>>> print(open('data20.cif').read())   # mmCIF, C-alpha atoms and all ligand atoms
data_run
#
loop_
_atom_site.label_atom_id
_atom_site.label_comp_id
_atom_site.auth_asym_id
_atom_site.auth_seq_id
_atom_site.Cartn_x
_atom_site.Cartn_y
_atom_site.Cartn_z
CA MET A 25 1.93 13.08 -9.29
CA HIS A 26 -0.96 13.51 -6.84
CA ARG A 27 -2.22 16.87 -5.65
CA VAL A 28 -3.60 17.72 -2.22
CA MET A 29 -5.23 21.04 -1.39
CA ILE A 30 -4.86 22.56 2.06
CA ASP A 31 -6.92 25.75 2.42
CA THR A 32 -7.37 27.88 5.50
CA ALA A 33 -11.06 28.03 6.38
CA THR A 34 -13.70 28.37 9.06
CA TYR A 35 -17.20 26.94 9.07
CA ASP A 36 -18.49 30.40 8.10
CA ASN A 37 -16.41 30.68 4.93
CA CYS A 38 -15.76 27.04 3.95
CA ARG A 39 -17.69 27.51 0.69
CA GLU A 40 -14.58 29.26 -0.70
CA ALA A 41 -12.50 26.17 -0.02
CA VAL A 42 -15.19 23.98 -1.59
CA ASP A 43 -15.13 26.13 -4.74
CA HIS A 44 -11.34 25.82 -4.79
CA ALA A 45 -11.57 22.04 -4.42
CA PHE A 46 -13.93 21.73 -7.40
CA GLU A 47 -11.64 24.01 -9.40
CA LEU A 48 -8.54 21.90 -8.65
CA PHE A 49 -10.31 18.56 -9.00
CA PRO A 50 -13.11 19.02 -11.54
CA VAL A 51 -15.82 16.37 -11.57
CA ALA A 52 -18.29 16.15 -14.45
CA VAL A 53 -21.47 16.41 -12.43
CA ARG A 54 -24.01 17.73 -14.95
CA GLY A 55 -26.79 15.23 -15.56
CA LYS A 56 -25.18 12.67 -13.25
CA ARG A 57 -26.27 10.86 -10.11
CA VAL A 58 -24.08 12.13 -7.27
CA LEU A 59 -23.63 10.54 -3.87
CA VAL A 60 -22.22 12.67 -1.04
CA LYS A 61 -21.05 10.72 2.00
CA PRO A 62 -20.14 12.61 5.16
CA ASN A 63 -18.63 10.75 8.12
CA VAL A 64 -21.65 10.15 10.38
CA LEU A 65 -20.31 7.81 13.04
CA ARG A 66 -23.30 8.42 15.28
CA GLY A 67 -25.79 11.08 16.30
CA SER A 68 -23.95 13.90 18.04
CA ASP A 69 -23.88 17.67 18.24
CA PRO A 70 -21.81 19.27 15.48
CA ASP A 71 -19.60 20.90 18.16
CA GLU A 72 -18.45 17.47 19.37
CA ALA A 73 -16.53 17.03 16.08
CA ILE A 74 -17.52 13.36 15.88
CA VAL A 75 -19.16 13.81 12.48
CA THR A 76 -18.47 15.93 9.41
CA HIS A 77 -19.70 19.43 10.24
CA PRO A 78 -23.02 20.44 8.63
CA ALA A 79 -21.49 23.69 7.38
CA LEU A 80 -19.16 21.76 5.07
CA LEU A 81 -21.93 19.46 3.88
CA LYS A 82 -24.16 22.46 3.15
CA ALA A 83 -21.40 24.18 1.18
CA VAL A 84 -20.82 21.04 -0.92
CA VAL A 85 -24.53 20.50 -1.62
CA GLU A 86 -24.99 24.16 -2.59
CA LYS A 87 -22.01 23.90 -4.94
CA LEU A 88 -23.40 20.73 -6.51
CA LEU A 89 -26.84 22.25 -7.00
CA GLU A 90 -25.20 24.93 -9.15
CA LEU A 91 -23.61 22.24 -11.32
CA ALA A 92 -26.97 20.74 -12.36
CA PRO A 93 -26.62 17.05 -11.54
CA ALA A 94 -29.54 14.73 -12.30
CA GLU A 95 -29.74 13.77 -8.62
CA ILE A 96 -27.88 14.38 -5.38
CA ILE A 97 -28.08 11.83 -2.57
CA VAL A 98 -26.60 12.62 0.82
CA GLY A 99 -26.24 9.54 2.99
CA ASP A 100 -24.14 7.34 5.23
CA ASN A 101 -24.47 4.17 7.28
CA PRO A 102 -23.79 5.26 10.85
CA GLY A 103 -22.41 2.93 13.50
CA ALA A 104 -24.13 0.37 15.60
CA THR A 105 -26.53 2.45 17.71
CA ALA A 106 -27.96 3.92 14.56
CA TYR A 107 -29.12 0.71 12.88
CA GLY A 108 -32.70 1.52 11.95
CA ALA A 109 -32.25 5.10 13.14
CA ASN A 110 -30.39 6.55 10.17
CA GLU A 111 -32.59 9.62 9.83
CA LYS A 112 -32.51 10.40 13.55
CA THR A 113 -28.72 10.26 13.49
CA PHE A 114 -28.54 12.75 10.64
CA GLN A 115 -31.15 14.93 12.33
CA ARG A 116 -29.31 15.03 15.65
CA SER A 117 -26.08 15.97 13.86
CA GLY A 118 -27.60 18.89 11.95
CA LEU A 119 -27.00 17.10 8.66
CA ILE A 120 -30.60 16.75 7.45
CA GLU A 121 -31.01 20.49 7.21
CA ALA A 122 -27.54 20.87 5.67
CA ALA A 123 -28.45 18.30 2.99
CA LYS A 124 -31.13 20.68 1.65
CA GLY A 125 -33.67 17.98 0.83
CA CYS A 126 -31.07 15.55 -0.57
CA TYR A 127 -30.77 13.29 2.50
CA ARG A 128 -31.72 9.67 1.94
CA ASN A 129 -31.47 6.62 4.19
CA ILE A 130 -28.98 4.62 2.09
CA GLY A 131 -29.03 1.70 4.54
CA THR A 132 -32.32 0.25 3.35
CA ASP A 133 -31.26 -1.03 -0.08
CA SER A 134 -28.02 -2.84 -0.80
CA VAL A 135 -26.21 -5.00 -3.33
CA GLU A 136 -23.81 -7.88 -2.75
CA VAL A 137 -20.26 -7.51 -3.98
CA ASN A 138 -17.14 -9.63 -3.80
CA LEU A 139 -14.84 -8.32 -1.05
CA GLY A 140 -11.59 -10.24 -1.43
CA GLY A 141 -8.67 -10.06 0.96
CA GLY A 142 -9.50 -13.36 2.65
CA PHE A 143 -12.10 -11.93 5.06
CA VAL A 144 -15.46 -13.04 3.64
CA ASP A 145 -16.39 -13.64 0.02
CA TRP A 146 -19.36 -11.30 -0.17
CA VAL A 147 -20.47 -8.15 1.56
CA SER A 148 -23.41 -5.85 1.01
CA ILE A 149 -22.85 -2.21 0.20
CA SER A 150 -25.49 0.46 -0.14
CA ARG A 151 -27.05 0.45 -3.60
CA ALA A 152 -26.76 4.24 -3.62
CA VAL A 153 -22.97 3.76 -3.61
CA SER A 154 -22.85 1.24 -6.44
CA ASP A 155 -25.36 3.22 -8.51
CA ALA A 156 -23.65 6.59 -8.13
CA ASP A 157 -21.97 8.08 -11.19
CA ILE A 158 -19.99 10.42 -8.95
CA PHE A 159 -19.06 9.65 -5.35
CA ILE A 160 -17.93 12.51 -3.13
CA SER A 161 -16.50 11.59 0.27
CA LEU A 162 -16.44 14.12 3.13
CA PRO A 163 -14.12 12.69 5.82
CA LYS A 164 -13.53 14.21 9.24
CA PHE A 165 -10.00 14.99 10.44
CA LYS A 166 -9.82 12.66 13.45
CA THR A 167 -7.65 10.17 15.22
CA HIS A 168 -8.66 6.52 15.51
CA GLY A 169 -7.46 4.01 18.06
CA LEU A 170 -7.22 1.18 15.54
CA THR A 171 -5.91 2.93 12.46
CA THR A 172 -4.30 6.08 14.01
CA ILE A 173 -6.29 8.36 11.70
CA THR A 174 -9.77 8.19 10.27
CA GLY A 175 -9.53 10.05 7.01
CA ALA A 176 -10.37 9.31 3.38
CA ILE A 177 -9.89 5.54 3.26
CA LYS A 178 -11.57 4.82 6.59
CA ASN A 179 -14.59 6.98 5.67
CA SER A 180 -15.51 4.40 3.03
CA TYR A 181 -16.07 1.76 5.71
CA GLY A 182 -19.49 3.40 6.02
CA ILE A 183 -20.59 2.19 2.58
CA ILE A 184 -21.48 -1.03 4.41
CA PRO A 185 -24.95 -0.89 5.97
CA GLY A 186 -26.17 -2.44 9.19
CA ALA A 187 -24.47 -4.87 11.54
CA GLN A 188 -22.01 -6.16 8.92
CA LYS A 189 -19.49 -3.52 9.97
CA ALA A 190 -19.31 -4.93 13.49
CA ILE A 191 -19.25 -8.52 12.21
CA LEU A 192 -16.32 -7.71 9.91
CA HIS A 193 -14.54 -6.07 12.86
CA GLY A 194 -14.82 -9.44 14.54
CA ILE A 195 -13.60 -11.35 11.49
CA ALA A 196 -10.59 -9.06 11.10
CA GLU A 197 -9.69 -9.80 14.76
CA THR A 198 -6.59 -7.62 15.03
CA PRO A 199 -5.96 -3.94 14.26
CA TRP A 200 -3.34 -5.08 11.72
CA ARG A 201 -5.93 -7.03 9.76
CA PHE A 202 -8.55 -4.34 10.28
CA SER A 203 -6.20 -1.88 8.56
CA GLU A 204 -6.13 -4.28 5.61
CA LEU A 205 -9.90 -4.76 5.70
CA ILE A 206 -10.70 -1.06 5.33
CA VAL A 207 -8.64 -0.93 2.14
CA HIS A 208 -10.57 -3.85 0.65
CA VAL A 209 -13.85 -2.10 1.47
CA PHE A 210 -12.53 1.17 0.04
CA ARG A 211 -11.62 -0.57 -3.22
CA LEU A 212 -15.22 -1.63 -3.79
CA ARG A 213 -16.04 1.88 -4.98
CA VAL A 214 -13.22 4.40 -4.95
CA PRO A 215 -14.67 7.90 -4.45
CA ASP A 216 -14.02 10.53 -7.11
CA LEU A 217 -13.39 13.48 -4.80
CA PHE A 218 -12.57 13.93 -1.12
CA ILE A 219 -13.13 17.12 0.87
CA VAL A 220 -11.99 16.88 4.49
CA ASP A 221 -13.48 18.79 7.41
CA ALA A 222 -10.36 19.85 9.30
CA VAL A 223 -11.75 23.08 10.71
CA VAL A 224 -12.15 21.48 14.11
CA GLY A 225 -10.38 18.15 14.29
CA MET A 226 -10.13 15.49 16.95
CA GLU A 227 -6.94 14.33 18.66
CA GLY A 228 -6.23 11.86 21.45
CA ASN A 229 -8.35 8.73 21.71
CA GLY A 230 -10.53 9.19 18.64
CA PRO A 231 -12.83 8.55 16.92
CA VAL A 232 -14.88 9.69 19.94
CA SER A 233 -12.75 11.87 22.15
CA THR A 234 -13.25 15.08 24.07
CA ASP A 235 -9.83 16.32 22.86
CA LEU A 236 -10.69 18.70 20.03
CA ARG A 237 -8.26 20.81 18.08
CA ARG A 238 -9.00 23.93 16.06
CA ILE A 239 -7.05 23.45 12.84
CA ASN A 240 -8.98 25.83 10.55
CA LYS A 241 -8.31 23.87 7.36
CA ILE A 242 -10.25 22.22 4.58
CA LEU A 243 -8.28 19.60 2.63
CA ALA A 244 -9.22 18.13 -0.73
CA ALA A 245 -7.83 15.62 -3.22
CA ASP A 246 -8.88 13.11 -5.81
CA ASN A 247 -6.58 10.45 -4.36
CA ALA A 248 -7.17 9.00 -0.91
CA VAL A 249 -3.67 7.66 -0.31
CA ALA A 250 -2.03 11.03 -0.95
CA LEU A 251 -4.69 12.76 1.13
CA ASP A 252 -4.38 10.44 4.14
CA ALA A 253 -0.58 10.66 3.90
CA THR A 254 -0.89 14.44 4.09
CA ILE A 255 -3.15 14.20 7.16
CA ALA A 256 -0.57 11.85 8.70
CA ARG A 257 2.24 14.35 8.07
CA MET A 258 0.15 17.15 9.59
CA ILE A 259 -0.18 15.18 12.83
CA GLY A 260 3.46 14.14 12.86
CA VAL A 261 3.07 10.52 11.76
CA GLU A 262 5.23 8.94 9.07
CA PRO A 263 2.74 7.68 6.42
CA SER A 264 4.67 4.45 5.84
CA ALA A 265 3.85 3.62 9.48
CA LEU A 266 0.18 3.29 8.63
CA ARG A 267 -0.61 -0.24 7.58
CA PHE A 268 -3.67 0.75 5.55
CA LEU A 269 -1.60 3.17 3.44
CA GLU A 270 0.97 0.47 2.79
CA VAL A 271 -1.77 -1.94 1.65
CA ALA A 272 -3.48 0.74 -0.45
CA LYS A 273 -0.19 1.49 -2.18
CA GLU A 274 0.40 -2.22 -2.84
CA HIS A 275 -2.99 -2.34 -4.54
CA GLY A 276 -2.12 0.57 -6.82
CA LEU A 277 -4.52 3.00 -5.16
CA GLY A 278 -1.97 5.81 -4.89
CA ASP A 279 1.33 6.80 -3.35
CA TYR A 280 2.18 8.31 0.02
CA GLU A 281 5.77 9.36 -0.69
CA ALA A 282 6.29 13.12 -0.29
CA GLU A 283 7.90 13.42 -3.74
CA SER A 284 4.72 11.98 -5.30
CA ILE A 285 2.46 14.63 -3.77
CA GLU A 286 2.17 18.27 -4.76
CA VAL A 287 0.65 20.22 -1.89
CA VAL A 288 -1.43 23.22 -2.95
CA GLY A 289 -1.21 25.36 0.17
CA ALA A 290 1.04 25.02 3.19
CA LEU A 291 1.62 21.69 4.91
CA ARG A 292 2.53 22.60 8.47
CA PRO A 293 2.73 19.95 11.17
CA ILE A 294 0.29 20.69 14.00
CA PRO A 295 2.39 21.28 17.12
CA ALA A 296 2.17 18.63 19.85
CA PHE A 297 -0.80 16.88 18.24
CA LYS A 298 -2.05 14.18 20.60
CA LEU A 299 -2.20 10.71 19.04
CA PRO A 300 -4.22 7.76 20.36
CA ALA A 301 -2.63 6.37 23.52
CA GLY A 302 0.64 4.60 22.82
CA THR A 303 0.81 5.36 19.08
CA ALA A 304 4.27 5.51 17.52
CA HIS A 305 5.10 8.52 15.33
CA ASP A 306 7.93 7.05 13.36
CA GLY A 307 6.68 3.74 12.03
CA GLY A 308 9.24 1.75 13.96
CA HIS A 309 7.82 -1.58 15.17
CA ILE A 310 4.43 -0.68 13.79
CA ARG A 311 3.30 -4.28 13.49
CA GLU A 312 4.20 -4.92 17.10
CA PHE A 313 2.37 -1.75 17.99
CA LEU A 314 -0.81 -2.78 16.18
CA GLU A 315 -0.64 -6.22 17.67
CA SER A 316 -0.26 -4.65 21.10
CA ARG A 317 -3.50 -2.75 20.48
CA ALA A 318 -5.18 -6.12 20.09
CA ARG A 319 -4.34 -6.63 23.76
CA MET A 320 -6.17 -3.44 24.81
CA ARG A 321 -9.37 -3.88 26.77
CA PRO A 322 -12.28 -1.56 27.51
CA GLN A 323 -12.32 0.34 30.75
CA VAL A 324 -15.30 2.30 31.94
CA ASP A 325 -15.25 5.57 33.82
CA PRO A 326 -17.83 4.98 36.60
CA ALA A 327 -18.29 8.73 37.02
CA LEU A 328 -19.57 9.06 33.44
CA CYS A 329 -21.35 5.74 32.85
CA THR A 330 -25.15 5.86 33.06
CA ALA A 331 -25.55 2.07 32.67
CA CYS A 332 -27.49 2.63 29.44
CA GLU A 333 -26.19 -0.73 28.13
CA THR A 334 -25.59 0.60 24.61
CA CYS A 335 -22.11 -0.90 24.67
CA VAL A 336 -23.44 -4.24 25.93
CA GLU A 337 -26.02 -4.40 23.14
CA GLN A 338 -23.64 -3.37 20.38
CA CYS A 339 -20.54 -5.40 21.24
CA PRO A 340 -20.00 -7.68 18.19
CA ALA A 341 -18.33 -10.33 20.38
CA SER A 342 -20.95 -10.30 23.19
CA ALA A 343 -18.02 -9.66 25.49
CA LEU A 344 -19.69 -7.08 27.72
CA SER A 345 -22.16 -7.54 30.53
CA LEU A 346 -23.40 -5.27 33.26
CA ARG A 347 -22.05 -6.10 36.71
CA ASP A 348 -22.97 -3.97 39.70
CA GLY A 349 -24.33 -1.37 37.29
CA LEU A 350 -21.17 -1.10 35.18
CA PRO A 351 -20.14 -2.82 31.92
CA VAL A 352 -17.38 -5.37 32.36
CA ALA A 353 -15.60 -7.16 29.50
CA ASP A 354 -14.86 -10.84 29.26
CA HIS A 355 -11.24 -10.51 28.14
CA SER A 356 -11.23 -13.90 26.47
CA LYS A 357 -13.95 -12.73 24.06
CA CYS A 358 -13.00 -9.07 23.51
CA LEU A 359 -11.63 -8.26 20.04
CA ALA A 360 -10.40 -4.74 20.87
CA CYS A 361 -12.62 -3.47 18.08
CA PHE A 362 -13.32 -0.12 19.81
CA CYS A 363 -17.06 -0.33 19.00
CA CYS A 364 -17.99 0.21 22.64
CA GLN A 365 -15.83 3.32 22.81
CA GLU A 366 -17.27 4.63 19.54
CA MET A 367 -20.87 4.07 20.57
CA CYS A 368 -20.87 5.15 24.21
CA PRO A 369 -23.04 8.28 24.29
CA GLU A 370 -21.37 9.47 27.52
CA LYS A 371 -17.75 9.04 26.33
CA ALA A 372 -17.39 6.84 29.41
CA MET A 373 -15.52 4.02 27.67
CA THR A 374 -11.85 3.92 26.73
CA LEU A 375 -9.53 1.10 25.74
CA ARG A 376 -6.42 0.65 27.83
S1 LIG B 1 -15.82 -5.15 24.60
FE1 LIG B 1 -15.68 -3.33 23.28
S2 LIG B 1 -13.69 -3.53 22.31
FE2 LIG B 1 -14.22 -5.56 23.13
S3 LIG B 1 -15.22 -6.63 21.43
FE3 LIG B 1 -16.84 -5.65 22.65
S4 LIG B 1 -17.18 -3.68 21.66
FE4 LIG B 1 -15.22 -4.46 20.90
S1 LIG B 2 -20.05 2.67 29.15
FE1 LIG B 2 -21.31 4.08 27.96
S2 LIG B 2 -22.51 2.80 26.58
FE2 LIG B 2 -21.70 1.45 28.19
S3 LIG B 2 -23.32 1.39 29.73
FE3 LIG B 2 -21.92 3.04 30.34
S4 LIG B 2 -22.79 4.90 29.42
FE4 LIG B 2 -23.78 3.15 28.39
#
>>> encode(input="data20.cif", output="structure tokens")
Amino acid sequence: MHRVMIDTATYDNCREAVDHAFELFPVAVRGKRVLVKPNVLRGSDPDEAIVTHPALLKAVVEKLLELAPAEIIVGDNPGATAYGANEKTFQRSGLIEAAKGCYRNIGTDSVEVNLGGGFVDWVSISRAVSDADIFISLPKFKTHGLTTITGAIKNSYGIIPGAQKAILHGIAETPWRFSELIVHVFRLRVPDLFIVDAVVGMEGNGPVSTDLRRINKILAADNAVALDATIARMIGVEPSALRFLEVAKEHGLGDYEAESIEVVGALRPIPAFKLPAGTAHDGGHIREFLESRARMRPQVDPALCTACETCVEQCPASALSLRDGLPVADHSKCLACFCCQEMCPEKAMTLR
């Protein structure tokens, strides 16, 4: 039986929920090397809810400092625009200060590991991940156009440094296969504890959307499948509809069935939660749905676009070029990977 904690919290009092999480899911931290990985998709203001809020990170680091580990490392490998700008990304997001001297650029040193799953044989992951005795993951409660939610399993995609993430997006080709890929990456080093920032979540066309939702919750668990299934139920999605949960269950990483999960707290569906455009709630025809997402193409909002060319530079398929001052996609090359939407600093890009 898995357990998932759902505590009511704000950013001012989230330390209480963190204490509760460590009480329910004890981790033997004393004398150990601990890695804490927030979700740092890109540099953004904490109020945009794109990254794990610094208040939660600070509460976790302060808790860990009391538990006398040998070392705490706070790090992540942000998305494409942040290659080589890891520290700036953390700085902009308020996470350097929250890390209380424990921030480290984990993208500079990596080890090769066997991935499996038929994608590529070897990938590099940050050495700080492979060397950690204890791995604590701090996901953000958000939607995601490719995987419906970005929770515990998807947060581990960030253990891969540099441009490999975008290259693997390209190799996966379809959202169906991408859902399988994130499980294979997750398996490389399963975190020991997850604490989710669901105080302010994101709905609509995540993972970079202007549709924010005050949820006032902190969730925690020591099993990612049960945790992501609980997030799915909160937003009104049947967990069996999520391909990555199905694959994770097949690989023995946990169970998403309600009778296998004890919820500590109250699991209440969030009324009228907005899912990514076109997402099915019930799991019916989910494969067709994911395949249909592979036919989505980027569309720019000319009123918001500043022609900065970030999307053009970061597109893993070189599918974008600037025409008359606006990015235009070559549909024959586009992989519907959502990287351009994720990286656009003006939120000018959507996939339709
Ligand atoms: S145009 Fe956008 S969605 Fe298409 S491959 Fe490039 S980054 Fe991905
Ligand atoms: S869509 Fe966004 S990232 Fe692309 S050029 Fe316009 S502002 Fe820059």
>>> residues_near_ligand(input="data20.cif", ligand="ligand LIG 2 (chain B)", cutoff="10 Å", atoms="all atoms listed in the file", output="number ranges by chain")
A: 105, 322-339, 344-346, 349-352, 363-374
>>> residues_around(input="data20.cif", residues="A:Glu86", least_positions_apart="3", cutoff="9 Å", atoms="all atoms listed in the file", output="PyMOL selection string")
chain A and resi 39+81-83+89-90+123-124
>>> residues_around(input="data20.cif", residues="A:Lys178", least_positions_apart="5", cutoff="9 Å", atoms="all atoms listed in the file", output="CSV table (one decimal) with C-alpha atoms, keeping the file's coordinate frame")
chain,number,residue,atom,x,y,z
A,163,PRO,CA,-14.1,12.7,5.8
A,171,THR,CA,-5.9,2.9,12.5
A,173,ILE,CA,-6.3,8.4,11.7
A,203,SER,CA,-6.2,-1.9,8.6
A,206,ILE,CA,-10.7,-1.1,5.3
A,207,VAL,CA,-8.6,-0.9,2.1
A,209,VAL,CA,-13.8,-2.1,1.5
A,210,PHE,CA,-12.5,1.2,0.0
A,268,PHE,CA,-3.7,0.8,5.6
>>> atom_distance(input="data20.cif", atom1="atom CA of A:Ala152", atom2="atom CA of A:Leu251")
24.1 Å
>>> atom_distance(input="data20.cif", atom1="atom CA of A:Pro215", atom2="atom CA of A:Asp246")
7.9 Å
>>> closest_residue(input="data20.cif", among="A:His44, A:Arg238, A:Arg27, A:Arg292", to="A:Arg257", atoms="all atoms listed in the file")
A:Arg292
>>> atom_distance(input="data20.cif", atom1="atom CA of A:Lys189", atom2="atom CA of A:Ser161")
18.2 Å
>>> axis_aligned_box(input="data20.cif", around="stretch 250-254 of chain A", padding_each_side="8 Å", output="AutoDock Vina command-line options")
--center_x -2.6 --center_y 12.4 --center_z 1.6 --size_x 20.1 --size_y 20.0 --size_z 21.1
>>> residues_around(input="data20.cif", residues="stretch 128-136 of chain A", least_positions_apart="2", cutoff="8 Å", atoms="only C-alpha atoms", output="ChimeraX atom specification")
/A:97-101,110-111,126,138,146-152,154,185-186
>>> closest_residue(input="data20.cif", among="A:Ile30, A:Ala222, A:Ala190, A:Ala79", to="A:Ala360", atoms="only C-alpha atoms")
A:Ala190
>>> residues_near_point(input="data20.cif", point="(-18.8, 15.5, 18.2)", cutoff="12 Å", atoms="all atoms listed in the file", output="NGL selection string")
:A and (63-78 or 116-118 or 164-166 or 224-227 or 230-237 or 366-367 or 369-371)
>>> build_atoms(input="data20.cif", residues="stretch 41-66 of chain A", atoms="N, CA and C atoms", output="tab-separated table (two decimals), in the frame of the given file")
chain	number	residue	atom	x	y	z
A	41	ALA	N	-13.38	27.34	0.12
A	41	ALA	CA	-12.50	26.17	-0.02
A	41	ALA	C	-13.16	25.09	-0.88
A	42	VAL	N	-14.47	24.96	-0.76
A	42	VAL	CA	-15.19	23.98	-1.59
A	42	VAL	C	-15.09	24.37	-3.06
A	43	ASP	N	-15.29	25.66	-3.35
A	43	ASP	CA	-15.13	26.13	-4.74
A	43	ASP	C	-13.73	25.82	-5.25
A	44	HIS	N	-12.74	26.07	-4.40
A	44	HIS	CA	-11.34	25.82	-4.79
A	44	HIS	C	-11.11	24.33	-5.07
A	45	ALA	N	-11.73	23.49	-4.24
A	45	ALA	CA	-11.57	22.04	-4.42
A	45	ALA	C	-12.15	21.60	-5.77
A	46	PHE	N	-13.31	22.12	-6.12
A	46	PHE	CA	-13.93	21.73	-7.40
A	46	PHE	C	-13.14	22.30	-8.58
A	47	GLU	N	-12.47	23.41	-8.34
A	47	GLU	CA	-11.64	24.01	-9.40
A	47	GLU	C	-10.38	23.15	-9.64
A	48	LEU	N	-9.76	22.71	-8.53
A	48	LEU	CA	-8.54	21.90	-8.65
A	48	LEU	C	-8.82	20.48	-9.11
A	49	PHE	N	-9.98	19.96	-8.70
A	49	PHE	CA	-10.31	18.56	-9.00
A	49	PHE	C	-11.69	18.51	-9.65
A	50	PRO	N	-11.79	18.93	-10.91
A	50	PRO	CA	-13.11	19.02	-11.54
A	50	PRO	C	-13.77	17.65	-11.67
A	51	VAL	N	-15.05	17.60	-11.37
A	51	VAL	CA	-15.82	16.37	-11.57
A	51	VAL	C	-17.00	16.73	-12.48
A	52	ALA	N	-17.23	15.88	-13.46
A	52	ALA	CA	-18.29	16.15	-14.45
A	52	ALA	C	-19.63	15.75	-13.86
A	53	VAL	N	-20.28	16.69	-13.23
A	53	VAL	CA	-21.47	16.41	-12.43
A	53	VAL	C	-22.78	16.55	-13.23
A	54	ARG	N	-22.76	17.40	-14.23
A	54	ARG	CA	-24.01	17.73	-14.95
A	54	ARG	C	-24.72	16.46	-15.46
A	55	GLY	N	-25.98	16.35	-15.09
A	55	GLY	CA	-26.79	15.23	-15.56
A	55	GLY	C	-26.47	13.89	-14.89
A	56	LYS	N	-25.61	13.93	-13.89
A	56	LYS	CA	-25.18	12.67	-13.25
A	56	LYS	C	-25.85	12.46	-11.89
A	57	ARG	N	-25.79	11.20	-11.44
A	57	ARG	CA	-26.27	10.86	-10.11
A	57	ARG	C	-25.09	10.97	-9.14
A	58	VAL	N	-25.21	11.85	-8.16
A	58	VAL	CA	-24.08	12.13	-7.27
A	58	VAL	C	-24.41	11.68	-5.86
A	59	LEU	N	-23.50	10.92	-5.28
A	59	LEU	CA	-23.63	10.54	-3.87
A	59	LEU	C	-22.63	11.34	-3.05
A	60	VAL	N	-23.10	11.96	-1.97
A	60	VAL	CA	-22.22	12.67	-1.04
A	60	VAL	C	-22.27	11.94	0.29
A	61	LYS	N	-21.09	11.50	0.76
A	61	LYS	CA	-21.05	10.72	2.00
A	61	LYS	C	-20.22	11.42	3.06
A	62	PRO	N	-20.89	12.09	4.01
A	62	PRO	CA	-20.14	12.61	5.16
A	62	PRO	C	-19.77	11.45	6.10
A	63	ASN	N	-18.92	11.73	7.07
A	63	ASN	CA	-18.63	10.75	8.12
A	63	ASN	C	-19.66	10.97	9.23
A	64	VAL	N	-20.60	10.02	9.36
A	64	VAL	CA	-21.65	10.15	10.38
A	64	VAL	C	-21.55	8.94	11.30
A	65	LEU	N	-20.55	8.95	12.15
A	65	LEU	CA	-20.31	7.81	13.04
A	65	LEU	C	-21.53	7.52	13.89
A	66	ARG	N	-22.10	8.60	14.44
A	66	ARG	CA	-23.30	8.42	15.28
A	66	ARG	C	-23.93	9.79	15.49
